[in-house]
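Trainee: Can you read through this structure? Questions will come right after.
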Amino acid sequence: SQTADENREILKHLTQRSPRIAFNVDLIYGLPFQSLLEWQKDLEEALEFHPAHLSIYNLTLHPMVPIARFSRSHPAVFPDPEREALMFQWTMDRLSDAGYIHYEISNFAFPGHEARHNLAYWRNDNTLGLGLGAWSFLDGVRERNAKHFCHYLAMIENNLNPAVFRERLMPEQGARETFFLALRTNRGADLNLILESTAGDPSILWRKAENLQSGGFINIAGSMIFLTRKGILVANQVIQELID
């Protein structure tokens, strides 16, 4: 069997000889004991393979998983928010220099290699999920399939829809979701989506947007708004400010 190093060299050779071979690399930063230098080495090694697409995520600690419990008792071994921000700022610069388009907060691609299935999610298009725990969104209805194999298989064998969760989005909820999903992308989001989905005072929303622009978090062009590099680092807070 080939060693890991031999496999790595084969993949490098294939991607250099055949640029049409397109694949994605997922990387996570913000790991325990991880320094900026170690993260830089990880990304540089990934770039040696010339992936057409990269998904870059910071470590998310869900409360019930063991590593989250570990983080609560050993917080010092995890990068603090300032170091995580430095990691991602460096990542944005490095991938831009390498020719990648930062087309969604966590996703980078060479031109023409944006993930079509992910774009469907961020546009709130109809999507059909197949398999255990898969999510679908069809004509304003969101569904999730059964997570456990026996349950899922029994429903399929009885010609039943394996969805165990179903909700129909109200128009205003759908508009808000379309807005914040779009704002995650480099195409930006239309403030009219929020204005049309609420009976509130439009001037309040515009004042919020203008304040965010003054703070350097967004740019405004007509009714369209776009996250800046500074805004990308605190995207959830920016979105919350606008949709609340």
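Going by the structure tokens order, chains are called A, B, ..., each with residues numbered from 1, while ligands are numbered from 1 in the order shown.
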Need the shell around Trp39 of chain A: protein/DNA/RNA residues with any atom at most 10 Å away, counting only C-alpha atoms. Skip same-chain ones fewer than 3 positions apart. Format as a list in words?

Mentor: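 Within the cut-off, the hits are Leu27, Ile28, Tyr29, Gly30, Leu31, Gln34, Ser35, Leu36, Asp42, Leu43, Glu44, Glu45, Met87, Phe88, Trp90 and Thr91 of chain A.
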
Trainee: When DSSP is applied to the backbone of this structure, which of segment 43-215 of chain A are assigned alpha helix (DSSP H)? Write them out as number ranges by chain.

Mentor: A: 43-47, 66-73, 81-97, 116-122, 149-157, 171-183, 192-196, 202-214

Trainee: Ala115 of chain A: which residues within 8 Å, counting only C-alpha atoms, same-chain residues fewer than 3 positions away excluded, as number ranges by chain?

Mentor: A: 53, 118-119

Trainee: If I take atom CA of Phe137 of chain A and atom CA of Asn124 of chain A, how far is one from the other in Å, to one decimal?

Mentor: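 That distance, rounded to one decimal, is 7.9 Å.
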
Trainee: Residues of segment 1-240 of chain A classed as strand (DSSP E or B) by DSSP on the backbone are to be reported as an MDAnalysis selection string.

Mentor: chainID A and resid 24:29 53:58 101:104 107:109 127 135:138 141:145 163:168 185 189:190 218:221 224:227

Trainee: Tell me, in Å to one decimal, how far atom CA of Asn211 of chain A is from atom CA of Arg83 of chain A.

Mentor: 26.5 Å
